[in-house]
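Here is the file input34.cif (mmCIF, C-alpha atoms).
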```
data_entry
loop_
_atom_site.group_PDB
_atom_site.id
_atom_site.type_symbol
_atom_site.label_atom_id
_atom_site.label_comp_id
_atom_site.auth_asym_id
_atom_site.auth_seq_id
_atom_site.Cartn_x
_atom_site.Cartn_y
_atom_site.Cartn_z
ATOM 1 C CA MET A 1475 126.484 1.565 10.678
ATOM 2 C CA LYS A 1476 123.936 -1.264 10.577
ATOM 3 C CA PHE A 1477 122.482 0.162 7.372
ATOM 4 C CA VAL A 1478 125.982 0.287 5.841
ATOM 5 C CA GLN A 1479 126.601 -3.348 6.783
ATOM 6 C CA LEU A 1480 123.233 -4.325 5.363
ATOM 7 C CA ALA A 1481 124.000 -2.512 2.122
ATOM 8 C CA ILE A 1482 127.368 -4.244 1.775
ATOM 9 C CA LEU A 1483 125.803 -7.641 2.488
ATOM 10 C CA SER A 1484 123.032 -6.976 -0.003
ATOM 11 C CA ALA A 1485 125.505 -5.993 -2.713
ATOM 12 C CA THR A 1486 127.556 -9.138 -2.063
ATOM 13 C CA VAL A 1487 124.508 -11.392 -2.244
ATOM 14 C CA GLY A 1488 123.276 -9.645 -5.375
ATOM 15 C CA ALA A 1489 126.619 -10.034 -7.154
ATOM 16 C CA ALA A 1490 126.867 -13.683 -6.155
ATOM 17 C CA CYS A 1491 123.386 -14.490 -7.434
ATOM 18 C CA ALA A 1492 123.948 -12.533 -10.626
ATOM 19 C CA PHE A 1493 126.953 -14.685 -11.557
ATOM 20 C CA ALA A 1494 125.538 -17.996 -10.338
ATOM 21 C CA PRO A 1495 124.847 -20.536 -13.105
ATOM 22 C CA LEU A 1496 121.363 -21.665 -13.929
ATOM 23 C CA GLY A 1497 120.408 -24.591 -11.763
ATOM 24 C CA PRO A 1498 118.543 -25.437 -8.590
ATOM 25 C CA ALA A 1499 117.475 -22.322 -6.746
ATOM 26 C CA LEU A 1500 119.593 -21.254 -3.820
ATOM 27 C CA PRO A 1501 117.848 -20.770 -0.495
ATOM 28 C CA ALA A 1502 117.960 -17.093 0.311
ATOM 29 C CA ALA A 1503 120.540 -15.826 2.754
ATOM 30 C CA SER A 1504 118.717 -12.584 3.291
ATOM 31 C CA THR A 1505 115.282 -13.550 1.956
ATOM 32 C CA VAL A 1506 116.369 -12.846 -1.622
ATOM 33 C CA ALA A 1507 113.402 -13.231 -3.899
ATOM 34 C CA ALA A 1508 114.376 -13.884 -7.501
ATOM 35 C CA THR A 1509 111.839 -13.303 -10.211
ATOM 36 C CA SER A 1510 112.771 -14.254 -13.771
ATOM 37 C CA THR A 1511 111.604 -13.179 -17.178
ATOM 38 C CA SER A 1512 112.606 -14.816 -20.477
ATOM 39 C CA SER A 1513 116.088 -13.274 -20.439
ATOM 40 C CA THR A 1514 116.553 -11.226 -17.244
ATOM 41 C CA PHE A 1515 116.475 -11.760 -13.521
ATOM 42 C CA SER A 1516 115.573 -9.199 -10.950
ATOM 43 C CA LEU A 1517 116.452 -9.411 -7.292
ATOM 44 C CA ARG A 1518 114.364 -7.932 -4.525
ATOM 45 C CA MET A 1519 115.827 -7.534 -1.041
ATOM 46 C CA SER A 1520 113.771 -7.745 2.071
ATOM 47 C CA THR A 1521 114.290 -5.209 4.792
ATOM 48 C CA GLU A 1522 113.352 -7.539 7.607
ATOM 49 C CA PRO A 1523 116.531 -8.140 9.637
ATOM 50 C CA GLU A 1524 114.928 -10.929 11.667
ATOM 51 C CA THR A 1525 114.399 -13.110 8.585
ATOM 52 C CA GLU A 1526 117.916 -12.351 7.435
ATOM 53 C CA THR A 1527 119.336 -13.569 10.725
ATOM 54 C CA GLU A 1528 117.296 -16.768 10.691
ATOM 55 C CA GLU A 1529 118.213 -17.646 7.114
ATOM 56 C CA ALA A 1530 121.878 -16.804 7.611
ATOM 57 C CA THR A 1531 122.110 -19.390 10.379
ATOM 58 C CA THR A 1532 121.145 -22.120 7.893
ATOM 59 C CA TYR A 1533 122.993 -21.083 4.743
ATOM 60 C CA SER A 1534 126.082 -19.010 4.115
ATOM 61 C CA ILE A 1535 126.879 -17.414 0.775
ATOM 62 C CA LEU A 1536 130.618 -17.705 0.588
ATOM 63 C CA SER A 1537 132.992 -15.900 -1.717
ATOM 64 C CA GLU A 1538 135.501 -17.750 -3.905
ATOM 65 C CA ASP A 1539 138.143 -15.445 -2.480
ATOM 66 C CA SER A 1540 138.025 -17.051 0.943
ATOM 67 C CA PRO A 1541 141.349 -16.962 2.771
ATOM 68 C CA PRO A 1542 143.461 -20.118 2.665
ATOM 69 C CA ASN A 1543 143.161 -20.536 6.429
ATOM 70 C CA ALA A 1544 139.372 -20.430 6.391
ATOM 71 C CA PRO A 1545 137.758 -22.941 8.793
ATOM 72 C CA ASP A 1546 136.275 -26.202 7.586
ATOM 73 C CA PHE A 1547 132.718 -26.004 6.297
ATOM 74 C CA THR A 1548 129.834 -28.108 7.420
ATOM 75 C CA PRO A 1549 127.377 -29.907 5.130
ATOM 76 C CA GLY A 1550 124.537 -27.671 3.994
ATOM 77 C CA GLN A 1551 126.658 -24.633 3.272
ATOM 78 C CA VAL A 1552 126.835 -23.542 -0.340
ATOM 79 C CA ASN A 1553 129.167 -21.253 -2.189
ATOM 80 C CA ALA A 1554 128.297 -18.494 -4.626
ATOM 81 C CA PHE A 1555 127.962 -21.011 -7.453
ATOM 82 C CA GLY A 1556 125.421 -23.235 -5.758
ATOM 83 C CA SER A 1557 127.808 -26.097 -4.952
ATOM 84 C CA ASP A 1558 128.119 -27.825 -1.617
ATOM 85 C CA VAL A 1559 131.203 -26.336 0.014
ATOM 86 C CA SER A 1560 132.244 -29.443 1.911
ATOM 87 C CA ALA A 1561 132.090 -31.584 -1.245
ATOM 88 C CA ALA A 1562 133.866 -28.966 -3.337
ATOM 89 C CA SER A 1563 136.685 -28.546 -0.824
ATOM 90 C CA SER A 1564 137.288 -32.297 -0.572
ATOM 91 C CA ALA A 1565 137.167 -32.673 -4.366
ATOM 92 C CA SER A 1566 139.654 -29.864 -4.933
ATOM 93 C CA ALA A 1567 141.990 -31.360 -2.348
ATOM 94 C CA SER A 1568 141.984 -34.773 -4.025
ATOM 95 C CA ALA A 1569 142.028 -33.502 -7.616
ATOM 96 C CA ALA A 1570 145.478 -31.986 -7.867
ATOM 97 C CA ALA A 1571 146.617 -31.327 -11.418
ATOM 98 C CA ILE A 1572 149.233 -33.732 -12.817
ATOM 99 C CA ASN A 1573 151.047 -32.291 -15.838
ATOM 100 C CA GLY A 1574 148.059 -29.976 -16.218
ATOM 101 C CA TRP A 1575 145.553 -32.846 -16.184
ATOM 102 C CA VAL A 1576 142.807 -33.131 -13.602
ATOM 103 C CA ALA A 1577 140.686 -36.281 -13.672
ATOM 104 C CA ASP A 1578 137.119 -35.448 -14.707
ATOM 105 C CA GLU A 1579 134.602 -38.258 -14.381
ATOM 106 C CA GLY A 1580 132.270 -36.503 -16.803
ATOM 107 C CA LEU A 1581 134.762 -36.694 -19.696
ATOM 108 C CA PRO A 1582 135.743 -39.722 -21.774
ATOM 109 C CA CYS A 1583 138.705 -41.536 -20.230
ATOM 110 C CA TYR A 1584 138.593 -39.043 -17.348
ATOM 111 C CA GLY A 1585 139.849 -36.301 -19.679
ATOM 112 C CA LEU A 1586 143.167 -37.971 -20.598
ATOM 113 C CA PRO A 1587 144.618 -36.947 -24.001
ATOM 114 C CA GLY A 1588 144.392 -39.143 -27.069
ATOM 115 C CA VAL A 1589 140.962 -38.335 -28.528
ATOM 116 C CA LEU A 1590 141.196 -37.139 -32.138
ATOM 117 C CA PRO A 1591 138.873 -36.767 -35.133
ATOM 118 C CA PRO A 1592 137.490 -38.363 -37.187
ATOM 119 C CA THR A 1593 136.802 -41.200 -34.737
ATOM 120 C CA GLY A 1594 136.639 -39.062 -31.606
ATOM 121 C CA PHE A 1595 136.460 -41.155 -28.456
ATOM 122 C CA PHE A 1596 136.917 -44.658 -29.884
ATOM 123 C CA ASP A 1597 136.406 -47.405 -27.315
ATOM 124 C CA PRO A 1598 134.415 -50.246 -28.915
ATOM 125 C CA LEU A 1599 135.391 -52.776 -26.224
ATOM 126 C CA GLY A 1600 134.514 -50.494 -23.315
ATOM 127 C CA PHE A 1601 137.893 -50.317 -21.590
ATOM 128 C CA ALA A 1602 137.128 -46.738 -20.463
ATOM 129 C CA GLN A 1603 133.345 -46.802 -20.309
ATOM 130 C CA ARG A 1604 131.441 -45.126 -17.492
ATOM 131 C CA GLY A 1605 131.734 -47.056 -14.274
ATOM 132 C CA ILE A 1606 135.379 -48.021 -14.803
ATOM 133 C CA SER A 1607 137.415 -46.710 -11.888
ATOM 134 C CA LEU A 1608 140.007 -43.986 -12.310
ATOM 135 C CA ASN A 1609 142.779 -46.335 -11.208
ATOM 136 C CA GLU A 1610 141.828 -48.889 -13.862
ATOM 137 C CA VAL A 1611 141.663 -46.245 -16.577
ATOM 138 C CA LYS A 1612 145.097 -44.944 -15.566
ATOM 139 C CA ARG A 1613 146.476 -48.485 -15.506
ATOM 140 C CA ASN A 1614 145.120 -49.198 -18.992
ATOM 141 C CA ARG A 1615 146.610 -45.937 -20.253
ATOM 142 C CA GLU A 1616 149.931 -46.854 -18.633
ATOM 143 C CA ALA A 1617 149.881 -50.168 -20.493
ATOM 144 C CA GLU A 1618 148.970 -48.445 -23.768
ATOM 145 C CA VAL A 1619 151.732 -45.851 -23.503
ATOM 146 C CA MET A 1620 154.435 -48.331 -22.511
ATOM 147 C CA HIS A 1621 153.470 -50.908 -25.144
ATOM 148 C CA GLY A 1622 153.386 -48.127 -27.728
ATOM 149 C CA ARG A 1623 156.919 -47.082 -26.803
ATOM 150 C CA VAL A 1624 158.172 -50.656 -26.992
ATOM 151 C CA ALA A 1625 156.419 -51.111 -30.344
ATOM 152 C CA MET A 1626 158.035 -47.956 -31.767
ATOM 153 C CA ILE A 1627 161.475 -49.245 -30.744
ATOM 154 C CA ALA A 1628 160.601 -52.677 -32.139
ATOM 155 C CA CYS A 1629 159.600 -51.239 -35.525
ATOM 156 C CA VAL A 1630 162.952 -49.464 -35.779
ATOM 157 C CA GLY A 1631 164.677 -52.646 -34.580
ATOM 158 C CA TYR A 1632 163.048 -54.792 -37.252
ATOM 159 C CA PHE A 1633 164.464 -52.624 -40.035
ATOM 160 C CA ALA A 1634 167.797 -51.803 -38.382
ATOM 161 C CA GLY A 1635 168.452 -55.310 -37.107
ATOM 162 C CA GLU A 1636 167.841 -56.856 -40.506
ATOM 163 C CA GLN A 1637 169.822 -54.325 -42.547
ATOM 164 C CA LEU A 1638 172.757 -53.326 -40.327
ATOM 165 C CA PRO A 1639 175.639 -55.657 -39.443
ATOM 166 C CA SER A 1640 175.511 -57.172 -35.963
ATOM 167 C CA PRO A 1641 178.494 -57.437 -33.585
ATOM 168 C CA PHE A 1642 177.439 -61.007 -32.815
ATOM 169 C CA GLY A 1643 176.997 -62.142 -36.409
ATOM 170 C CA ILE A 1644 173.192 -62.178 -36.098
ATOM 171 C CA ASN A 1645 171.304 -62.219 -39.395
ATOM 172 C CA GLY A 1646 168.054 -63.255 -41.006
ATOM 173 C CA PRO A 1647 164.488 -62.167 -40.193
ATOM 174 C CA ALA A 1648 164.044 -60.277 -36.928
ATOM 175 C CA ASN A 1649 161.774 -62.998 -35.594
ATOM 176 C CA ASP A 1650 164.707 -65.421 -35.676
ATOM 177 C CA GLN A 1651 167.342 -63.126 -34.176
ATOM 178 C CA LEU A 1652 166.669 -63.324 -30.450
ATOM 179 C CA GLN A 1653 167.703 -66.965 -30.214
ATOM 180 C CA GLN A 1654 170.984 -66.068 -31.957
ATOM 181 C CA VAL A 1655 172.029 -63.679 -29.181
ATOM 182 C CA PRO A 1656 174.941 -65.093 -27.124
ATOM 183 C CA LEU A 1657 174.024 -66.145 -23.595
ATOM 184 C CA PRO A 1658 176.029 -63.404 -21.752
ATOM 185 C CA ALA A 1659 174.469 -60.702 -23.896
ATOM 186 C CA PHE A 1660 171.029 -62.266 -23.406
ATOM 187 C CA ILE A 1661 171.509 -62.252 -19.606
ATOM 188 C CA LEU A 1662 172.534 -58.570 -19.667
ATOM 189 C CA LEU A 1663 169.515 -57.735 -21.832
ATOM 190 C CA THR A 1664 167.194 -59.556 -19.426
ATOM 191 C CA LEU A 1665 168.683 -57.827 -16.373
ATOM 192 C CA GLY A 1666 168.374 -54.422 -18.083
ATOM 193 C CA ILE A 1667 164.695 -54.984 -18.855
ATOM 194 C CA ALA A 1668 164.039 -56.214 -15.298
ATOM 195 C CA ALA A 1669 165.784 -53.167 -13.782
ATOM 196 C CA ALA A 1670 163.789 -50.774 -15.958
ATOM 197 C CA GLU A 1671 160.503 -52.477 -15.064
ATOM 198 C CA LEU A 1672 161.344 -52.500 -11.353
ATOM 199 C CA LYS A 1673 162.208 -48.800 -11.474
ATOM 200 C CA ARG A 1674 158.937 -48.023 -13.233
ATOM 201 C CA ALA A 1675 157.016 -50.010 -10.621
ATOM 202 C CA THR A 1676 158.601 -48.106 -7.733
ATOM 203 C CA ILE A 1677 157.765 -44.779 -9.392
ATOM 204 C CA GLY A 1678 154.176 -45.411 -10.418
ATOM 205 C CA TRP A 1679 152.800 -48.130 -8.180
ATOM 206 C CA VAL A 1680 151.728 -48.111 -4.556
ATOM 207 C CA GLU A 1681 153.873 -50.286 -2.311
ATOM 208 C CA PRO A 1682 152.167 -53.631 -1.635
ATOM 209 C CA ASP A 1683 150.476 -54.103 1.718
ATOM 210 C CA LEU A 1684 150.992 -57.774 2.507
ATOM 211 C CA SER A 1685 148.533 -57.644 5.398
ATOM 212 C CA ASP A 1686 145.730 -56.563 3.055
ATOM 213 C CA TRP A 1687 147.095 -57.011 -0.463
ATOM 214 C CA THR A 1688 143.749 -56.515 -2.216
ATOM 215 C CA LYS A 1689 143.825 -52.777 -1.416
ATOM 216 C CA THR A 1690 147.172 -52.158 -3.083
ATOM 217 C CA LEU A 1691 147.217 -54.764 -5.850
ATOM 218 C CA TRP A 1692 147.560 -53.060 -9.276
ATOM 219 C CA LYS A 1693 147.049 -49.652 -7.668
ATOM 220 C CA LEU A 1694 148.819 -46.619 -9.145
ATOM 221 C CA ARG A 1695 149.869 -43.634 -7.091
ATOM 222 C CA ASP A 1696 147.377 -40.763 -7.048
ATOM 223 C CA ASN A 1697 150.044 -38.251 -8.126
ATOM 224 C CA TYR A 1698 151.409 -40.449 -10.950
ATOM 225 C CA TYR A 1699 150.661 -39.573 -14.555
ATOM 226 C CA PRO A 1700 150.486 -42.728 -16.723
ATOM 227 C CA GLY A 1701 153.788 -43.194 -18.539
ATOM 228 C CA ASP A 1702 155.623 -40.285 -16.913
ATOM 229 C CA VAL A 1703 158.540 -42.131 -15.295
ATOM 230 C CA GLY A 1704 160.817 -39.089 -15.300
ATOM 231 C CA PHE A 1705 163.074 -40.312 -18.119
ATOM 232 C CA ASP A 1706 163.574 -37.355 -20.457
ATOM 233 C CA PRO A 1707 167.286 -37.079 -21.341
ATOM 234 C CA LEU A 1708 166.632 -34.756 -24.314
ATOM 235 C CA ASN A 1709 164.255 -32.518 -22.336
ATOM 236 C CA PHE A 1710 161.354 -32.971 -24.754
ATOM 237 C CA LYS A 1711 158.653 -32.743 -22.074
ATOM 238 C CA PRO A 1712 156.821 -29.397 -22.308
ATOM 239 C CA THR A 1713 156.001 -27.415 -19.206
ATOM 240 C CA ASP A 1714 152.829 -25.919 -20.677
ATOM 241 C CA PRO A 1715 149.794 -28.176 -19.992
ATOM 242 C CA THR A 1716 148.327 -27.699 -23.479
ATOM 243 C CA ALA A 1717 151.636 -28.456 -25.180
ATOM 244 C CA PHE A 1718 152.081 -31.496 -22.953
ATOM 245 C CA ALA A 1719 148.613 -32.810 -23.876
ATOM 246 C CA ASN A 1720 149.396 -32.330 -27.584
ATOM 247 C CA MET A 1721 152.711 -34.166 -27.287
ATOM 248 C CA GLN A 1722 151.059 -36.948 -25.309
ATOM 249 C CA THR A 1723 148.442 -37.321 -28.057
ATOM 250 C CA ARG A 1724 151.154 -37.523 -30.719
ATOM 251 C CA GLU A 1725 153.000 -40.155 -28.720
ATOM 252 C CA LEU A 1726 149.811 -42.173 -28.276
ATOM 253 C CA GLN A 1727 148.942 -42.021 -31.965
ATOM 254 C CA ASN A 1728 152.441 -43.030 -33.063
ATOM 255 C CA GLY A 1729 152.498 -45.779 -30.445
ATOM 256 C CA ARG A 1730 149.143 -47.137 -31.606
ATOM 257 C CA LEU A 1731 150.320 -47.146 -35.203
ATOM 258 C CA ALA A 1732 153.584 -48.820 -34.173
ATOM 259 C CA MET A 1733 151.718 -51.589 -32.345
ATOM 260 C CA LEU A 1734 149.696 -52.316 -35.479
ATOM 261 C CA GLY A 1735 152.809 -52.070 -37.663
ATOM 262 C CA TRP A 1736 154.855 -54.398 -35.454
ATOM 263 C CA ALA A 1737 152.012 -56.930 -35.360
ATOM 264 C CA GLY A 1738 151.897 -56.866 -39.170
ATOM 265 C CA MET A 1739 155.651 -57.298 -39.591
ATOM 266 C CA CYS A 1740 155.829 -60.083 -37.026
ATOM 267 C CA SER A 1741 152.919 -61.922 -38.654
ATOM 268 C CA GLN A 1742 154.428 -61.505 -42.123
ATOM 269 C CA GLU A 1743 157.764 -62.989 -41.055
ATOM 270 C CA LEU A 1744 156.010 -65.875 -39.320
ATOM 271 C CA VAL A 1745 154.213 -66.690 -42.584
ATOM 272 C CA ASN A 1746 156.985 -66.435 -45.201
ATOM 273 C CA HIS A 1747 160.155 -66.448 -43.036
ATOM 274 C CA LYS A 1748 161.605 -63.528 -44.997
ATOM 275 C CA SER A 1749 162.929 -60.202 -43.775
ATOM 276 C CA ILE A 1750 160.957 -57.036 -44.396
ATOM 277 C CA ALA A 1751 163.284 -55.894 -47.191
ATOM 278 C CA ASP A 1752 163.191 -59.343 -48.850
ATOM 279 C CA THR A 1753 159.402 -59.333 -48.728
ATOM 280 C CA ILE A 1754 159.232 -55.876 -50.333
ATOM 281 C CA ASP A 1755 161.629 -57.018 -53.062
ATOM 282 C CA PHE A 1756 159.611 -60.214 -53.572
ATOM 283 C CA TYR A 1757 156.335 -58.402 -54.165
ATOM 284 C CA GLN A 1758 157.939 -55.742 -56.341
ATOM 285 C CA LYS A 1759 158.935 -58.546 -58.715
ATOM 286 C CA VAL A 1760 155.463 -60.080 -58.513
ATOM 287 C CA TYR A 1761 153.719 -56.824 -59.427
ATOM 288 C CA SER A 1762 156.291 -56.188 -62.193
ATOM 289 C CA GLY A 1763 155.410 -59.475 -63.893
ATOM 290 C CA VAL A 1764 158.694 -61.145 -62.973
ATOM 291 C CA ASN A 1765 158.750 -64.607 -61.458
ATOM 292 C CA PRO A 1766 160.476 -63.977 -58.084
ATOM 293 C CA TYR A 1767 161.440 -67.640 -57.709
ATOM 294 C CA GLU A 1768 163.470 -67.676 -60.938
ATOM 295 C CA THR A 1769 165.624 -64.696 -59.904
ATOM 296 C CA MET A 1770 166.276 -65.722 -56.313
#
```
With the file now loaded, output its structure as structure tokens.
Amino acid sequence: MKFVQLAILSATVGAACAFAPLGPALPAASTVAATSTSSTFSLRMSTEPETETEEATTYSILSEDSPPNAPDFTPGQVNAFGSDVSAASSASASAAAINGWVADEGLPCYGLPGVLPPTGFFDPLGFAQRGISLNEVKRNREAEVMHGRVAMIACVGYFAGEQLPSPFGINGPANDQLQQVPLPAFILLTLGIAAAELKRATIGWVEPDLSDWTKTLWKLRDNYYPGDVGFDPLNFKPTDPTAFANMQTRELQNGRLAMLGWAGMCSQELVNHKSIADTIDFYQKVYSGVNPYETM
């Protein structure tokens, strides 16, 4: 029976070492001696049970298929892939997937979507450079997503607000329309924005600890995905992680473009005090050789 147990243990150790990645050598659990050639590895088992017992007290080769109720591991134990078990177990416990995303410190922006060719990871100002904490990266992404959404609505509002009739008789360039809103409507608009922002804060942010506010100030919840406030009335959010990452990238790219577009439209109206359509008409006349001031 002892020989059968030794054979099973030897086969387990051999399989584990065969599939282990290249890296620092594992201390032998049963005095495994690994000799390598240019492309192959050969394993030689020792038949000395005393050495096997001594080594097994220091290191344990553990299978990935350990039961869920396995006891806690102590530092110094390694799994079949050469990783410290205690560190791996704590990392897996704290790195739960959110919408299919698991924060990876080794990837740009901790692996969040939004990186596309031809620029790849574009961060000239270093907002997501190495050393920036995960919470700060998530907070910056939250700001980017939310500002992108507001900018997309604003771009539509610039065109719609200037071309469609208003119930309050508002007209002119979009930059000049907010001050034309009647006071009751302006109060309702302000309260609506405040309610939406408060709801977003309760979903994504950690409750403030007034006794030690520096620990909770600007801190997002660990299980909160930046921008995912649960508002999806048309059920656009995919359940597949890859499809979700693709949709998130599309939203980011459109939001980034909208922020640039809104900044351009706002600046243009501040300069010439004309609506977008009037500006297009003005320059069409200029490039057609017509004096726009004579036909106004």
Nearby residues (all atoms listed in the file) at most 12 Å from Arg1623 (chain A), same-chain spacing under 6 positions excluded, as a PyMOL selection string: chain A and resi 1616-1617+1629-1630+1701+1722+1724-1733+1736
Quick one: pull the distance between CA of Val1589 (chain A) and CA of Asn1720 (chain A), Å, one decimal.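 Computing it gives 10.4 Å between the two atoms.
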Calculate how many Å separate CA of Met1739 (chain A) from CA of Asp1752 (chain A), rounding to one decimal.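 Distance reported for this atom pair: 12.1 Å.
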One decimal, Å: what's the distance from CA of Pro1700 (chain A) over to CA of Val1576 (chain A), could you say?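 Those two atoms sit 12.7 Å apart.
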Within 12 Å of Glu1671 (chain A), counting only C-alpha atoms, which residues show up once you throw out same-chain ones fewer than 6 positions away? Write them as a list in words, please. Met1620, Thr1664, Leu1665, Ile1677, Gly1678, Trp1679, Gly1701 and Val1703 of chain A
Based on the selection just made, write C-alpha atoms of those residues as a PDB file, in the coordinates of the input.
```pdb
ATOM      1  CA  MET A1620     154.435 -48.331 -22.511  1.00  0.00           C
ATOM      2  CA  THR A1664     167.194 -59.556 -19.426  1.00  0.00           C
ATOM      3  CA  LEU A1665     168.683 -57.827 -16.373  1.00  0.00           C
ATOM      4  CA  ILE A1677     157.765 -44.779  -9.392  1.00  0.00           C
ATOM      5  CA  GLY A1678     154.176 -45.411 -10.418  1.00  0.00           C
ATOM      6  CA  TRP A1679     152.800 -48.130  -8.180  1.00  0.00           C
ATOM      7  CA  GLY A1701     153.788 -43.194 -18.539  1.00  0.00           C
ATOM      8  CA  VAL A1703     158.540 -42.131 -15.295  1.00  0.00           C
TER       9      VAL A1703
END
```
Judged by only C-alpha atoms, the minimum distance to Arg1674 (chain A) among A:Leu1657, A:Ile1754, A:Leu1694, A:Leu1652 is found for A:Leu1694
So, with only C-alpha atoms as the atoms that count, which of A:Ala1628, A:Cys1583, A:Val1764, A:Ala1668 lies closest to Ala1648 (chain A)?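 Nearest to Ala1648 (chain A): A:Ala1628.
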When you look at Val1655 (chain A) with a cut-off of 8 Å (counting only C-alpha atoms), what residues show up, excluding the ones that are within fewer than 3 positions of it in the same chain? I need them as a list in words.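 Neighbouring residues, sequence-local ones excluded: Phe1642, Ile1644, Gln1651, Leu1652, Ala1659 and Phe1660 of chain A.
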Selection above as a file: C-alpha atoms, as a compact mmCIF listing (two decimals), in the frame of the given file:
```
# COMPACT_ATOMS: atom_id res chain seq x y z
CA PHE A 1642 177.44 -61.01 -32.82
CA ILE A 1644 173.19 -62.18 -36.10
CA GLN A 1651 167.34 -63.13 -34.18
CA LEU A 1652 166.67 -63.32 -30.45
CA ALA A 1659 174.47 -60.70 -23.90
CA PHE A 1660 171.03 -62.27 -23.41
```
Counting only C-alpha atoms, what is within 8 Å of Ser1749 (chain A), bar same-chain residues fewer than 5 positions away, as number ranges by chain? A: 1636, 1646-1648, 1743
Starting from the shown file, work through the PyMOL selection byres ((chain A and resi 1680) around 9) and note down what comes out as a compact mmCIF listing (two decimals) with C-alpha atoms, in the frame of the given file.
```txt
# COMPACT_ATOMS: atom_id res chain seq x y z
CA ALA A 1675 157.02 -50.01 -10.62
CA THR A 1676 158.60 -48.11 -7.73
CA ILE A 1677 157.76 -44.78 -9.39
CA GLY A 1678 154.18 -45.41 -10.42
CA TRP A 1679 152.80 -48.13 -8.18
CA GLU A 1681 153.87 -50.29 -2.31
CA PRO A 1682 152.17 -53.63 -1.64
CA ASP A 1683 150.48 -54.10 1.72
CA THR A 1690 147.17 -52.16 -3.08
CA LEU A 1691 147.22 -54.76 -5.85
CA TRP A 1692 147.56 -53.06 -9.28
CA LYS A 1693 147.05 -49.65 -7.67
CA LEU A 1694 148.82 -46.62 -9.14
CA ARG A 1695 149.87 -43.63 -7.09
CA ASP A 1696 147.38 -40.76 -7.05
```
Using all atoms listed in the file, the shortest atom-to-atom distance to Asn1697 (chain A) among A:Thr1716, A:Asn1609, A:Asn1746, A:Gln1603 belongs to A:Asn1609
How would region 1688-1701 of chain A read, as a PDB file, keeping the file's coordinate frame, once N, CA and C atoms are built in?
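Full text of rebuild-v9.pdb as output:
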```
ATOM      1  N   THR A1688     144.769 -56.869  -1.230  1.00  0.00           N
ATOM      2  CA  THR A1688     143.749 -56.515  -2.216  1.00  0.00           C
ATOM      3  C   THR A1688     143.581 -55.007  -2.358  1.00  0.00           C
ATOM      4  N   LYS A1689     143.975 -54.230  -1.348  1.00  0.00           N
ATOM      5  CA  LYS A1689     143.825 -52.777  -1.416  1.00  0.00           C
ATOM      6  C   LYS A1689     144.917 -52.119  -2.249  1.00  0.00           C
ATOM      7  N   THR A1690     146.057 -52.764  -2.364  1.00  0.00           N
ATOM      8  CA  THR A1690     147.172 -52.158  -3.083  1.00  0.00           C
ATOM      9  C   THR A1690     147.534 -52.895  -4.366  1.00  0.00           C
ATOM     10  N   LEU A1691     146.886 -54.011  -4.648  1.00  0.00           N
ATOM     11  CA  LEU A1691     147.217 -54.764  -5.850  1.00  0.00           C
ATOM     12  C   LEU A1691     146.823 -53.976  -7.092  1.00  0.00           C
ATOM     13  N   TRP A1692     147.764 -53.777  -8.016  1.00  0.00           N
ATOM     14  CA  TRP A1692     147.560 -53.060  -9.276  1.00  0.00           C
ATOM     15  C   TRP A1692     147.177 -51.596  -9.074  1.00  0.00           C
ATOM     16  N   LYS A1693     147.464 -51.030  -7.935  1.00  0.00           N
ATOM     17  CA  LYS A1693     147.049 -49.652  -7.668  1.00  0.00           C
ATOM     18  C   LYS A1693     148.172 -48.676  -7.993  1.00  0.00           C
ATOM     19  N   LEU A1694     147.857 -47.669  -8.816  1.00  0.00           N
ATOM     20  CA  LEU A1694     148.819 -46.619  -9.145  1.00  0.00           C
ATOM     21  C   LEU A1694     148.765 -45.501  -8.110  1.00  0.00           C
ATOM     22  N   ARG A1695     149.842 -44.782  -8.000  1.00  0.00           N
ATOM     23  CA  ARG A1695     149.869 -43.634  -7.091  1.00  0.00           C
ATOM     24  C   ARG A1695     148.932 -42.549  -7.601  1.00  0.00           C
ATOM     25  N   ASP A1696     148.323 -41.817  -6.674  1.00  0.00           N
ATOM     26  CA  ASP A1696     147.377 -40.763  -7.048  1.00  0.00           C
ATOM     27  C   ASP A1696     148.063 -39.641  -7.809  1.00  0.00           C
ATOM     28  N   ASN A1697     149.327 -39.360  -7.480  1.00  0.00           N
ATOM     29  CA  ASN A1697     150.044 -38.251  -8.126  1.00  0.00           C
ATOM     30  C   ASN A1697     150.884 -38.708  -9.315  1.00  0.00           C
ATOM     31  N   TYR A1698     150.621 -39.917  -9.825  1.00  0.00           N
ATOM     32  CA  TYR A1698     151.409 -40.449 -10.950  1.00  0.00           C
ATOM     33  C   TYR A1698     150.627 -40.308 -12.240  1.00  0.00           C
ATOM     34  N   TYR A1699     151.267 -39.692 -13.230  1.00  0.00           N
ATOM     35  CA  TYR A1699     150.661 -39.573 -14.555  1.00  0.00           C
ATOM     36  C   TYR A1699     151.082 -40.786 -15.381  1.00  0.00           C
ATOM     37  N   PRO A1700     150.142 -41.490 -16.003  1.00  0.00           N
ATOM     38  CA  PRO A1700     150.486 -42.728 -16.723  1.00  0.00           C
ATOM     39  C   PRO A1700     151.589 -42.520 -17.763  1.00  0.00           C
ATOM     40  N   GLY A1701     152.676 -43.249 -17.595  1.00  0.00           N
ATOM     41  CA  GLY A1701     153.788 -43.194 -18.539  1.00  0.00           C
ATOM     42  C   GLY A1701     154.873 -42.200 -18.198  1.00  0.00           C
TER      43      GLY A1701
END
```
